[in-house]
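Here is work-v7.cif, consisting of mmCIF, N, CA and C atoms:
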```cif
data_coords
#
loop_
_atom_site.label_atom_id
_atom_site.label_comp_id
_atom_site.auth_asym_id
_atom_site.auth_seq_id
_atom_site.Cartn_x
_atom_site.Cartn_y
_atom_site.Cartn_z
N MET A 1 77.57 63.46 -57.77
CA MET A 1 77.50 62.04 -58.03
C MET A 1 77.90 61.18 -56.82
N PRO A 2 78.83 61.61 -55.96
CA PRO A 2 79.17 60.79 -54.80
C PRO A 2 77.97 60.52 -53.90
N GLN A 3 77.03 61.45 -53.81
CA GLN A 3 75.84 61.26 -52.98
C GLN A 3 75.04 60.06 -53.45
N GLN A 4 74.84 59.90 -54.76
CA GLN A 4 74.07 58.79 -55.30
C GLN A 4 74.76 57.46 -54.99
N ASN A 5 76.07 57.42 -55.07
CA ASN A 5 76.83 56.22 -54.77
C ASN A 5 76.62 55.79 -53.31
N THR A 6 76.61 56.74 -52.39
CA THR A 6 76.38 56.44 -50.98
C THR A 6 74.98 55.92 -50.75
N VAL A 7 74.00 56.51 -51.42
CA VAL A 7 72.61 56.05 -51.28
C VAL A 7 72.48 54.61 -51.76
N GLU A 8 73.12 54.28 -52.87
CA GLU A 8 73.09 52.91 -53.37
C GLU A 8 73.70 51.94 -52.36
N LYS A 9 74.81 52.33 -51.74
CA LYS A 9 75.45 51.48 -50.73
C LYS A 9 74.54 51.28 -49.53
N VAL A 10 73.89 52.33 -49.09
CA VAL A 10 72.98 52.25 -47.94
C VAL A 10 71.84 51.29 -48.25
N LEU A 11 71.33 51.36 -49.46
CA LEU A 11 70.21 50.51 -49.83
C LEU A 11 70.64 49.06 -50.09
N LEU A 12 71.88 48.83 -50.47
CA LEU A 12 72.35 47.48 -50.78
C LEU A 12 72.87 46.71 -49.57
N THR A 13 73.42 47.39 -48.58
CA THR A 13 74.05 46.67 -47.47
C THR A 13 73.10 45.72 -46.74
N PRO A 14 71.82 46.04 -46.54
CA PRO A 14 70.95 45.04 -45.91
C PRO A 14 70.86 43.74 -46.71
N PHE A 15 70.93 43.85 -48.03
CA PHE A 15 70.86 42.66 -48.88
C PHE A 15 72.16 41.86 -48.81
N TRP A 16 73.27 42.54 -48.57
CA TRP A 16 74.52 41.82 -48.33
C TRP A 16 74.44 41.07 -47.01
N LEU A 17 73.81 41.70 -46.02
CA LEU A 17 73.59 41.01 -44.74
C LEU A 17 72.71 39.77 -44.94
N ILE A 18 71.67 39.91 -45.72
CA ILE A 18 70.78 38.78 -45.98
C ILE A 18 71.54 37.65 -46.68
N ALA A 19 72.35 38.00 -47.67
CA ALA A 19 73.13 36.98 -48.39
C ALA A 19 74.10 36.25 -47.45
N ALA A 20 74.80 37.00 -46.62
CA ALA A 20 75.73 36.38 -45.67
C ALA A 20 74.98 35.52 -44.65
N THR A 21 73.80 35.98 -44.26
CA THR A 21 73.01 35.22 -43.30
C THR A 21 72.61 33.86 -43.88
N PHE A 22 72.33 33.82 -45.18
CA PHE A 22 71.97 32.54 -45.80
C PHE A 22 73.14 31.55 -45.78
N ILE A 23 74.36 32.04 -45.81
CA ILE A 23 75.52 31.15 -45.67
C ILE A 23 75.51 30.52 -44.28
N GLY A 24 75.29 31.35 -43.26
CA GLY A 24 75.22 30.84 -41.90
C GLY A 24 74.05 29.90 -41.69
N LEU A 25 72.92 30.23 -42.30
CA LEU A 25 71.75 29.35 -42.20
C LEU A 25 72.03 27.99 -42.83
N GLY A 26 72.67 27.99 -43.98
CA GLY A 26 73.01 26.72 -44.63
C GLY A 26 73.94 25.89 -43.78
N ASP A 27 74.94 26.52 -43.21
CA ASP A 27 75.92 25.83 -42.36
C ASP A 27 75.24 25.23 -41.14
N THR A 28 74.44 26.02 -40.44
CA THR A 28 73.82 25.53 -39.21
C THR A 28 72.65 24.57 -39.49
N LEU A 29 71.96 24.75 -40.60
CA LEU A 29 70.93 23.78 -40.98
C LEU A 29 71.55 22.42 -41.25
N TYR A 30 72.68 22.42 -41.93
CA TYR A 30 73.41 21.18 -42.21
C TYR A 30 73.80 20.48 -40.91
N LEU A 31 74.40 21.22 -40.00
CA LEU A 31 74.81 20.63 -38.72
C LEU A 31 73.61 20.20 -37.88
N SER A 32 72.54 21.00 -37.91
CA SER A 32 71.34 20.65 -37.15
C SER A 32 70.70 19.38 -37.70
N TYR A 33 70.66 19.25 -39.02
CA TYR A 33 70.10 18.06 -39.65
C TYR A 33 70.90 16.83 -39.24
N TYR A 34 72.20 16.91 -39.31
CA TYR A 34 73.03 15.78 -38.92
C TYR A 34 72.88 15.46 -37.44
N HIS A 35 72.76 16.48 -36.61
CA HIS A 35 72.56 16.23 -35.19
C HIS A 35 71.23 15.53 -34.95
N LEU A 36 70.22 15.96 -35.66
CA LEU A 36 68.89 15.34 -35.55
C LEU A 36 68.94 13.87 -35.92
N LEU A 37 69.76 13.53 -36.92
CA LEU A 37 69.92 12.14 -37.34
C LEU A 37 70.86 11.35 -36.42
N GLY A 38 71.57 12.07 -35.56
CA GLY A 38 72.52 11.41 -34.66
C GLY A 38 73.82 11.03 -35.35
N ILE A 39 74.17 11.75 -36.40
CA ILE A 39 75.38 11.48 -37.18
C ILE A 39 76.34 12.65 -37.03
N ILE A 40 77.61 12.34 -36.85
CA ILE A 40 78.64 13.38 -36.80
C ILE A 40 79.21 13.52 -38.22
N PRO A 41 79.05 14.70 -38.85
CA PRO A 41 79.58 14.86 -40.21
C PRO A 41 81.11 14.91 -40.18
N THR A 42 81.71 14.38 -41.23
CA THR A 42 83.16 14.44 -41.34
C THR A 42 83.53 15.74 -42.04
N CYS A 43 84.79 16.10 -41.93
CA CYS A 43 85.24 17.31 -42.60
C CYS A 43 86.69 17.18 -43.03
N ALA A 44 87.12 18.10 -43.84
CA ALA A 44 88.44 18.05 -44.46
C ALA A 44 89.58 18.22 -43.45
N ILE A 45 89.35 18.95 -42.38
CA ILE A 45 90.46 19.21 -41.44
C ILE A 45 90.51 18.21 -40.30
N GLY A 46 89.51 17.36 -40.17
CA GLY A 46 89.54 16.28 -39.19
C GLY A 46 89.18 16.63 -37.77
N GLY A 47 88.94 17.88 -37.45
CA GLY A 47 88.61 18.24 -36.07
C GLY A 47 87.12 18.26 -35.79
N CYS A 48 86.33 18.22 -36.83
CA CYS A 48 84.87 18.32 -36.65
C CYS A 48 84.34 17.18 -35.79
N GLU A 49 84.83 15.98 -36.04
CA GLU A 49 84.36 14.83 -35.28
C GLU A 49 84.64 15.02 -33.78
N THR A 50 85.82 15.52 -33.48
CA THR A 50 86.21 15.74 -32.08
C THR A 50 85.35 16.82 -31.44
N VAL A 51 85.18 17.93 -32.12
CA VAL A 51 84.42 19.06 -31.57
C VAL A 51 82.94 18.69 -31.44
N LEU A 52 82.36 18.12 -32.49
CA LEU A 52 80.92 17.85 -32.48
C LEU A 52 80.52 16.69 -31.58
N SER A 53 81.47 15.81 -31.26
CA SER A 53 81.15 14.71 -30.34
C SER A 53 81.59 15.03 -28.91
N SER A 54 82.14 16.20 -28.71
CA SER A 54 82.58 16.62 -27.39
C SER A 54 81.37 16.86 -26.48
N PRO A 55 81.53 16.62 -25.18
CA PRO A 55 80.42 16.93 -24.26
C PRO A 55 80.10 18.42 -24.21
N TYR A 56 81.03 19.25 -24.67
CA TYR A 56 80.82 20.70 -24.70
C TYR A 56 79.95 21.13 -25.88
N ALA A 57 79.67 20.23 -26.82
CA ALA A 57 78.93 20.57 -28.03
C ALA A 57 77.44 20.80 -27.76
N THR A 58 76.97 20.39 -26.59
CA THR A 58 75.55 20.56 -26.27
C THR A 58 75.40 21.17 -24.87
N PRO A 59 75.65 22.48 -24.74
CA PRO A 59 75.48 23.09 -23.43
C PRO A 59 74.00 23.09 -23.02
N PHE A 60 73.74 22.67 -21.80
CA PHE A 60 72.38 22.59 -21.26
C PHE A 60 71.48 21.71 -22.12
N GLY A 61 72.08 20.73 -22.81
CA GLY A 61 71.32 19.81 -23.64
C GLY A 61 70.92 20.36 -25.00
N VAL A 62 71.33 21.57 -25.31
CA VAL A 62 70.98 22.19 -26.60
C VAL A 62 72.24 22.24 -27.47
N PRO A 63 72.22 21.59 -28.63
CA PRO A 63 73.40 21.61 -29.50
C PRO A 63 73.72 23.03 -29.99
N PHE A 64 75.00 23.30 -30.10
CA PHE A 64 75.42 24.60 -30.61
C PHE A 64 74.88 24.84 -32.02
N ALA A 65 74.68 23.77 -32.78
CA ALA A 65 74.11 23.92 -34.13
C ALA A 65 72.73 24.56 -34.06
N TYR A 66 71.93 24.18 -33.08
CA TYR A 66 70.59 24.76 -32.92
C TYR A 66 70.68 26.22 -32.48
N LEU A 67 71.64 26.51 -31.60
CA LEU A 67 71.84 27.89 -31.16
C LEU A 67 72.27 28.77 -32.34
N GLY A 68 73.15 28.23 -33.17
CA GLY A 68 73.58 28.96 -34.37
C GLY A 68 72.44 29.17 -35.34
N LEU A 69 71.62 28.16 -35.50
CA LEU A 69 70.45 28.28 -36.38
C LEU A 69 69.51 29.37 -35.87
N PHE A 70 69.29 29.39 -34.57
CA PHE A 70 68.45 30.44 -33.97
C PHE A 70 69.07 31.81 -34.20
N TYR A 71 70.39 31.92 -34.02
CA TYR A 71 71.10 33.18 -34.24
C TYR A 71 70.87 33.69 -35.67
N TYR A 72 71.05 32.79 -36.64
CA TYR A 72 70.93 33.22 -38.04
C TYR A 72 69.49 33.50 -38.44
N ILE A 73 68.53 32.81 -37.87
CA ILE A 73 67.12 33.11 -38.16
C ILE A 73 66.80 34.52 -37.64
N CYS A 74 67.23 34.83 -36.43
CA CYS A 74 67.01 36.18 -35.88
C CYS A 74 67.75 37.22 -36.71
N MET A 75 68.97 36.89 -37.14
CA MET A 75 69.75 37.81 -37.96
C MET A 75 69.04 38.08 -39.28
N LEU A 76 68.45 37.05 -39.85
CA LEU A 76 67.70 37.24 -41.10
C LEU A 76 66.54 38.21 -40.88
N GLY A 77 65.84 38.06 -39.78
CA GLY A 77 64.75 38.98 -39.46
C GLY A 77 65.24 40.41 -39.31
N LEU A 78 66.34 40.59 -38.60
CA LEU A 78 66.90 41.93 -38.44
C LEU A 78 67.35 42.52 -39.77
N ALA A 79 67.96 41.69 -40.61
CA ALA A 79 68.42 42.17 -41.92
C ALA A 79 67.24 42.57 -42.80
N ILE A 80 66.15 41.83 -42.70
CA ILE A 80 64.95 42.19 -43.46
C ILE A 80 64.39 43.52 -42.96
N PHE A 81 64.34 43.69 -41.63
CA PHE A 81 63.90 44.98 -41.08
C PHE A 81 64.80 46.11 -41.56
N LEU A 82 66.10 45.84 -41.62
CA LEU A 82 67.04 46.86 -42.09
C LEU A 82 66.83 47.17 -43.57
N ALA A 83 66.46 46.16 -44.35
CA ALA A 83 66.17 46.40 -45.77
C ALA A 83 64.93 47.29 -45.92
N ILE A 84 63.98 47.12 -45.01
CA ILE A 84 62.76 47.93 -45.05
C ILE A 84 63.03 49.36 -44.58
N LYS A 85 63.82 49.49 -43.51
CA LYS A 85 64.13 50.81 -42.94
C LYS A 85 65.65 50.96 -42.79
N PRO A 86 66.37 51.16 -43.89
CA PRO A 86 67.83 51.20 -43.82
C PRO A 86 68.41 52.39 -43.06
N LEU A 87 67.62 53.41 -42.81
CA LEU A 87 68.12 54.58 -42.09
C LEU A 87 67.63 54.66 -40.66
N SER A 88 66.83 53.70 -40.22
CA SER A 88 66.33 53.70 -38.85
C SER A 88 67.48 53.49 -37.87
N GLN A 89 67.66 54.47 -37.00
CA GLN A 89 68.77 54.37 -36.05
C GLN A 89 68.59 53.17 -35.12
N ARG A 90 67.37 52.92 -34.70
CA ARG A 90 67.11 51.80 -33.79
C ARG A 90 67.45 50.46 -34.45
N VAL A 91 66.98 50.26 -35.67
CA VAL A 91 67.25 49.00 -36.37
C VAL A 91 68.74 48.85 -36.64
N ARG A 92 69.38 49.93 -37.06
CA ARG A 92 70.83 49.88 -37.31
C ARG A 92 71.58 49.52 -36.03
N LEU A 93 71.16 50.09 -34.91
CA LEU A 93 71.81 49.80 -33.63
C LEU A 93 71.58 48.34 -33.22
N TYR A 94 70.36 47.84 -33.40
CA TYR A 94 70.07 46.44 -33.08
C TYR A 94 70.92 45.49 -33.92
N VAL A 95 71.04 45.79 -35.21
CA VAL A 95 71.83 44.94 -36.09
C VAL A 95 73.30 44.97 -35.68
N LEU A 96 73.81 46.15 -35.40
CA LEU A 96 75.21 46.26 -34.98
C LEU A 96 75.44 45.57 -33.64
N ALA A 97 74.55 45.75 -32.69
CA ALA A 97 74.70 45.10 -31.38
C ALA A 97 74.60 43.58 -31.51
N TYR A 98 73.64 43.12 -32.30
CA TYR A 98 73.44 41.68 -32.46
C TYR A 98 74.63 41.01 -33.13
N THR A 99 75.18 41.65 -34.16
CA THR A 99 76.34 41.08 -34.83
C THR A 99 77.59 41.17 -33.95
N THR A 100 77.67 42.19 -33.11
CA THR A 100 78.78 42.30 -32.16
C THR A 100 78.73 41.16 -31.16
N ILE A 101 77.56 40.89 -30.61
CA ILE A 101 77.40 39.77 -29.67
C ILE A 101 77.73 38.46 -30.37
N GLY A 102 77.25 38.28 -31.59
CA GLY A 102 77.55 37.07 -32.34
C GLY A 102 79.03 36.90 -32.59
N LEU A 103 79.71 37.99 -32.92
CA LEU A 103 81.15 37.92 -33.17
C LEU A 103 81.91 37.57 -31.89
N LEU A 104 81.55 38.20 -30.79
CA LEU A 104 82.22 37.88 -29.52
C LEU A 104 82.00 36.43 -29.12
N CYS A 105 80.78 35.94 -29.30
CA CYS A 105 80.50 34.52 -29.01
C CYS A 105 81.32 33.61 -29.92
N SER A 106 81.39 33.95 -31.21
CA SER A 106 82.16 33.14 -32.15
C SER A 106 83.64 33.09 -31.78
N ILE A 107 84.18 34.22 -31.39
CA ILE A 107 85.59 34.25 -30.98
C ILE A 107 85.79 33.37 -29.76
N CYS A 108 84.89 33.48 -28.79
CA CYS A 108 84.99 32.63 -27.59
C CYS A 108 84.86 31.16 -27.93
N PHE A 109 83.93 30.81 -28.81
CA PHE A 109 83.74 29.40 -29.19
C PHE A 109 84.98 28.86 -29.90
N GLU A 110 85.54 29.65 -30.78
CA GLU A 110 86.73 29.19 -31.50
C GLU A 110 87.92 29.02 -30.56
N LEU A 111 88.10 29.99 -29.66
CA LEU A 111 89.18 29.86 -28.67
C LEU A 111 88.96 28.67 -27.76
N PHE A 112 87.72 28.43 -27.35
CA PHE A 112 87.39 27.29 -26.51
C PHE A 112 87.73 25.98 -27.22
N GLN A 113 87.39 25.90 -28.49
CA GLN A 113 87.71 24.70 -29.25
C GLN A 113 89.22 24.47 -29.28
N TYR A 114 89.95 25.52 -29.55
CA TYR A 114 91.40 25.41 -29.69
C TYR A 114 92.07 25.11 -28.35
N ILE A 115 91.67 25.81 -27.29
CA ILE A 115 92.35 25.70 -26.00
C ILE A 115 91.87 24.51 -25.18
N VAL A 116 90.57 24.27 -25.14
CA VAL A 116 90.02 23.22 -24.26
C VAL A 116 89.85 21.89 -24.99
N ILE A 117 89.24 21.92 -26.16
CA ILE A 117 88.96 20.68 -26.89
C ILE A 117 90.17 20.23 -27.70
N HIS A 118 91.05 21.14 -28.03
CA HIS A 118 92.27 20.87 -28.81
C HIS A 118 91.94 20.38 -30.22
N ALA A 119 90.90 20.93 -30.78
CA ALA A 119 90.52 20.62 -32.16
C ALA A 119 89.71 21.79 -32.70
N LEU A 120 89.70 21.93 -34.01
CA LEU A 120 88.91 22.97 -34.65
C LEU A 120 87.95 22.33 -35.64
N CYS A 121 86.76 22.88 -35.69
CA CYS A 121 85.71 22.36 -36.57
C CYS A 121 85.59 23.29 -37.78
N LEU A 122 85.62 22.72 -38.97
CA LEU A 122 85.50 23.49 -40.20
C LEU A 122 84.16 24.22 -40.27
N TYR A 123 83.09 23.56 -39.86
CA TYR A 123 81.76 24.16 -39.92
C TYR A 123 81.62 25.31 -38.91
N CYS A 124 82.21 25.13 -37.75
CA CYS A 124 82.21 26.20 -36.74
C CYS A 124 83.05 27.38 -37.23
N GLY A 125 84.14 27.07 -37.89
CA GLY A 125 84.98 28.13 -38.47
C GLY A 125 84.25 28.89 -39.56
N LEU A 126 83.49 28.17 -40.39
CA LEU A 126 82.69 28.84 -41.42
C LEU A 126 81.67 29.76 -40.78
N SER A 127 81.05 29.31 -39.71
CA SER A 127 80.08 30.15 -39.00
C SER A 127 80.77 31.37 -38.39
N ALA A 128 81.96 31.19 -37.84
CA ALA A 128 82.69 32.31 -37.25
C ALA A 128 83.06 33.34 -38.32
N VAL A 129 83.51 32.88 -39.47
CA VAL A 129 83.86 33.80 -40.55
C VAL A 129 82.61 34.51 -41.06
N THR A 130 81.51 33.78 -41.16
CA THR A 130 80.24 34.39 -41.57
C THR A 130 79.82 35.47 -40.59
N THR A 131 79.96 35.18 -39.31
CA THR A 131 79.61 36.16 -38.28
C THR A 131 80.52 37.38 -38.36
N LEU A 132 81.79 37.18 -38.63
CA LEU A 132 82.72 38.30 -38.82
C LEU A 132 82.29 39.15 -40.01
N ILE A 133 81.90 38.51 -41.09
CA ILE A 133 81.43 39.24 -42.27
C ILE A 133 80.16 40.03 -41.94
N LEU A 134 79.23 39.39 -41.21
CA LEU A 134 78.00 40.08 -40.81
C LEU A 134 78.32 41.31 -39.97
N PHE A 135 79.24 41.16 -39.03
CA PHE A 135 79.65 42.29 -38.19
C PHE A 135 80.27 43.41 -39.04
N ALA A 136 81.15 43.04 -39.96
CA ALA A 136 81.81 44.05 -40.80
C ALA A 136 80.80 44.81 -41.65
N ILE A 137 79.84 44.10 -42.21
CA ILE A 137 78.81 44.77 -43.02
C ILE A 137 77.95 45.68 -42.14
N ALA A 138 77.57 45.18 -40.97
CA ALA A 138 76.74 45.99 -40.06
C ALA A 138 77.49 47.24 -39.61
N LEU A 139 78.77 47.09 -39.28
CA LEU A 139 79.58 48.24 -38.87
C LEU A 139 79.72 49.23 -40.02
N TRP A 140 79.97 48.72 -41.20
CA TRP A 140 80.10 49.59 -42.37
C TRP A 140 78.79 50.33 -42.64
N HIS A 141 77.66 49.62 -42.55
CA HIS A 141 76.36 50.26 -42.75
C HIS A 141 76.14 51.35 -41.69
N TRP A 142 76.50 51.05 -40.46
CA TRP A 142 76.35 52.03 -39.38
C TRP A 142 77.16 53.28 -39.70
N LYS A 143 78.39 53.10 -40.14
CA LYS A 143 79.28 54.25 -40.40
C LYS A 143 78.81 55.08 -41.60
N ILE A 144 78.35 54.44 -42.65
CA ILE A 144 77.96 55.23 -43.83
C ILE A 144 76.60 55.89 -43.67
N THR A 145 75.85 55.50 -42.64
CA THR A 145 74.54 56.13 -42.42
C THR A 145 74.57 57.13 -41.27
N GLN A 146 75.73 57.36 -40.68
CA GLN A 146 75.84 58.37 -39.63
C GLN A 146 75.71 59.75 -40.25
N LYS A 147 75.05 60.60 -39.53
CA LYS A 147 74.82 61.96 -40.05
C LYS A 147 75.82 62.93 -39.50
#
```

Let me see the structure of the file written as structure tokens.
Amino acid sequence: MPQQNTVEKVLLTPFWLIAATFIGLGDTLYLSYYHLLGIIPTCAIGGCETVLSSPYATPFGVPFAYLGLFYYICMLGLAIFLAIKPLSQRVRLYVLAYTTIGLLCSICFELFQYIVIHALCLYCGLSAVTTLILFAIALWHWKITQK
């Protein structure tokens, strides 16, 4: 019976990735929409206005919200590929590498906000937590599918 339980986990983890990706998509779509309108959204912790209006919020003229949206769209594609081929070593490696890069970027962005901008953004924090969850699921999927 333990074998069947592992098979179910292998088949379900890509869908957990997809679900978590939709959280990130919602977060970054919200921020992208507000950026498109030229409005800074308010938040409960009060740092969002500072972070999102900072000159650092648009590196090379591209808002971080758009970069996050691109990240999550690509992540959705990878998660769908993983759902189709959950045992493919190449797809599993791509998902793990992509979520690792996303996590490292999120950590750097959060530290940058705290150290340089001296404010934290709730929406950026939600994206960072989502990326951490994506990484954890990808790592777990990698480990349970190792032979």

Tell me which protein, DNA and RNA residues are within 10 Å of Tyr71 of chain A, counting only C-alpha atoms, leaving out same-chain ones fewer than 6 positions away, and put them as a ChimeraX atom specification.
/A:21,24-25,28,65,98-99,102,131

Could you please give me, as a PyMOL selection string, the residues of protein, DNA or RNA lying at most 7 Å from (82.3, 41.1, -35.5) in the coordinate frame of the file, considering only N, CA and C atoms?
chain A and resi 99-104+131-136

Length of the atom CA of Gly47 of chain A to atom CA of Val129 of chain A vector [Å]
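Pair atom CA of Gly47 of chain A / atom CA of Val129 of chain A returns 16.9 Å.
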
Env of Leu78 of chain A: 8 Å cut, atoms = all atoms listed in the file, seq-sep filter 6 positions within chain, self excluded. Answer as a list in words.
Pro14, Leu17, Ile18, Tyr72, Ile84, Val91, Tyr94 and Val95 of chain A

Using N, CA and C atoms, can you export the residues from the last selection as a compact mmCIF listing (two decimals), keeping the file's coordinate frame?
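Here's the written file part15.txt:
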```txt
# COMPACT_ATOMS: atom_id res chain seq x y z
N PRO A 14 71.82 46.04 -46.54
CA PRO A 14 70.95 45.04 -45.91
C PRO A 14 70.86 43.74 -46.71
N LEU A 17 73.81 41.70 -46.02
CA LEU A 17 73.59 41.01 -44.74
C LEU A 17 72.71 39.77 -44.94
N ILE A 18 71.67 39.91 -45.72
CA ILE A 18 70.78 38.78 -45.98
C ILE A 18 71.54 37.65 -46.68
N TYR A 72 71.05 32.79 -36.64
CA TYR A 72 70.93 33.22 -38.04
C TYR A 72 69.49 33.50 -38.44
N ILE A 84 63.98 47.12 -45.01
CA ILE A 84 62.76 47.93 -45.05
C ILE A 84 63.03 49.36 -44.58
N VAL A 91 66.98 50.26 -35.67
CA VAL A 91 67.25 49.00 -36.37
C VAL A 91 68.74 48.85 -36.64
N TYR A 94 70.36 47.84 -33.40
CA TYR A 94 70.07 46.44 -33.08
C TYR A 94 70.92 45.49 -33.92
N VAL A 95 71.04 45.79 -35.21
CA VAL A 95 71.83 44.94 -36.09
C VAL A 95 73.30 44.97 -35.68
```

Which polymer residues have any atom within 9 Å of an atom of Leu120 of chain A, counting only C-alpha atoms, with same-chain residues fewer than 2 positions away left out, as an MDAnalysis selection string?
chainID A and resid 45:48 50:51 110 113:114 117:118 122:125

DSSP on the backbone: which residues in chain A end up as helix (DSSP H, G or I)? Give the answer as a PyMOL selection string.
chain A and resi 2-37+48-52+55-57+59-61+64-84+89-117+122-144

Record the distance separating atom CA of Gly61 of chain A and atom N of Leu29 of chain A, expressed in Å with one decimal.
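Separation between atom CA of Gly61 of chain A and atom N of Leu29 of chain A: 17.7 Å.
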
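The space separating atom CA of Ala138 of chain A from atom CA of Cys105 of chain A comes to 16.4 Å.
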
Coordinates of segment 21-90 of chain A, C-alpha atoms, as a PDB file, in the first residue's frame:
```
ATOM      1  CA  THR A  21       1.267  29.537  -9.079  1.00  0.00           C
ATOM      2  CA  PHE A  22      -2.258  30.952  -9.328  1.00  0.00           C
ATOM      3  CA  ILE A  23      -1.703  32.739  -6.001  1.00  0.00           C
ATOM      4  CA  GLY A  24       1.410  34.371  -7.452  1.00  0.00           C
ATOM      5  CA  LEU A  25      -0.401  35.181 -10.681  1.00  0.00           C
ATOM      6  CA  GLY A  26      -3.207  36.872  -8.762  1.00  0.00           C
ATOM      7  CA  ASP A  27      -0.747  38.900  -6.702  1.00  0.00           C
ATOM      8  CA  THR A  28       1.316  40.065  -9.664  1.00  0.00           C
ATOM      9  CA  LEU A  29      -1.720  40.656 -11.897  1.00  0.00           C
ATOM     10  CA  TYR A  30      -3.122  42.921  -9.187  1.00  0.00           C
ATOM     11  CA  LEU A  31       0.117  44.887  -8.928  1.00  0.00           C
ATOM     12  CA  SER A  32       0.542  44.996 -12.712  1.00  0.00           C
ATOM     13  CA  TYR A  33      -2.999  46.307 -13.151  1.00  0.00           C
ATOM     14  CA  TYR A  34      -2.435  49.054 -10.607  1.00  0.00           C
ATOM     15  CA  HIS A  35       0.889  49.953 -12.192  1.00  0.00           C
ATOM     16  CA  LEU A  36      -0.788  50.162 -15.586  1.00  0.00           C
ATOM     17  CA  LEU A  37      -3.325  52.590 -14.096  1.00  0.00           C
ATOM     18  CA  GLY A  38      -0.535  54.579 -12.443  1.00  0.00           C
ATOM     19  CA  ILE A  39      -1.922  53.961  -8.953  1.00  0.00           C
ATOM     20  CA  ILE A  40       0.050  52.760  -5.945  1.00  0.00           C
ATOM     21  CA  PRO A  41      -2.101  50.273  -3.988  1.00  0.00           C
ATOM     22  CA  THR A  42      -2.267  50.700  -0.241  1.00  0.00           C
ATOM     23  CA  CYS A  43      -1.682  47.859   2.155  1.00  0.00           C
ATOM     24  CA  ALA A  44      -2.134  46.910   5.780  1.00  0.00           C
ATOM     25  CA  ILE A  45       1.524  47.205   6.789  1.00  0.00           C
ATOM     26  CA  GLY A  46       2.108  50.614   5.199  1.00  0.00           C
ATOM     27  CA  GLY A  47       5.348  49.838   3.378  1.00  0.00           C
ATOM     28  CA  CYS A  48       3.841  49.069  -0.002  1.00  0.00           C
ATOM     29  CA  GLU A  49       3.543  52.722  -0.950  1.00  0.00           C
ATOM     30  CA  THR A  50       7.223  53.293  -0.156  1.00  0.00           C
ATOM     31  CA  VAL A  51       8.456  50.195  -1.982  1.00  0.00           C
ATOM     32  CA  LEU A  52       6.220  50.524  -5.042  1.00  0.00           C
ATOM     33  CA  SER A  53       6.947  54.233  -5.516  1.00  0.00           C
ATOM     34  CA  SER A  54      10.679  53.736  -5.041  1.00  0.00           C
ATOM     35  CA  PRO A  55      12.948  54.324  -8.045  1.00  0.00           C
ATOM     36  CA  TYR A  56      14.131  50.741  -7.491  1.00  0.00           C
ATOM     37  CA  ALA A  57      10.637  49.392  -8.277  1.00  0.00           C
ATOM     38  CA  THR A  58      11.238  49.614 -12.026  1.00  0.00           C
ATOM     39  CA  PRO A  59      14.698  48.313 -12.940  1.00  0.00           C
ATOM     40  CA  PHE A  60      15.550  49.178 -16.554  1.00  0.00           C
ATOM     41  CA  GLY A  61      12.080  50.722 -16.867  1.00  0.00           C
ATOM     42  CA  VAL A  62      10.313  47.406 -16.256  1.00  0.00           C
ATOM     43  CA  PRO A  63       8.207  47.183 -13.076  1.00  0.00           C
ATOM     44  CA  PHE A  64       8.959  44.280 -10.778  1.00  0.00           C
ATOM     45  CA  ALA A  65       5.242  43.449 -10.958  1.00  0.00           C
ATOM     46  CA  TYR A  66       5.647  42.670 -14.669  1.00  0.00           C
ATOM     47  CA  LEU A  67       8.758  40.588 -13.987  1.00  0.00           C
ATOM     48  CA  GLY A  68       6.842  38.650 -11.334  1.00  0.00           C
ATOM     49  CA  LEU A  69       3.942  38.139 -13.704  1.00  0.00           C
ATOM     50  CA  PHE A  70       6.341  36.777 -16.322  1.00  0.00           C
ATOM     51  CA  TYR A  71       7.903  34.486 -13.691  1.00  0.00           C
ATOM     52  CA  TYR A  72       4.533  33.040 -12.684  1.00  0.00           C
ATOM     53  CA  ILE A  73       3.333  32.604 -16.278  1.00  0.00           C
ATOM     54  CA  CYS A  74       6.493  30.597 -17.047  1.00  0.00           C
ATOM     55  CA  MET A  75       6.061  28.684 -13.783  1.00  0.00           C
ATOM     56  CA  LEU A  76       2.509  27.799 -14.785  1.00  0.00           C
ATOM     57  CA  GLY A  77       3.809  26.414 -18.077  1.00  0.00           C
ATOM     58  CA  LEU A  78       6.453  24.347 -16.303  1.00  0.00           C
ATOM     59  CA  ALA A  79       3.908  23.044 -13.790  1.00  0.00           C
ATOM     60  CA  ILE A  80       1.590  22.017 -16.627  1.00  0.00           C
ATOM     61  CA  PHE A  81       4.477  20.187 -18.320  1.00  0.00           C
ATOM     62  CA  LEU A  82       5.198  18.486 -14.998  1.00  0.00           C
ATOM     63  CA  ALA A  83       1.544  17.443 -14.712  1.00  0.00           C
ATOM     64  CA  ILE A  84       1.819  15.864 -18.155  1.00  0.00           C
ATOM     65  CA  LYS A  85       5.175  14.159 -17.465  1.00  0.00           C
ATOM     66  CA  PRO A  86       5.581  13.949 -13.671  1.00  0.00           C
ATOM     67  CA  LEU A  87       8.493  11.507 -13.886  1.00  0.00           C
ATOM     68  CA  SER A  88      10.504  13.280 -16.592  1.00  0.00           C
ATOM     69  CA  GLN A  89      13.903  14.004 -15.117  1.00  0.00           C
ATOM     70  CA  ARG A  90      14.430  16.988 -17.417  1.00  0.00           C
TER      71      ARG A  90
END
```
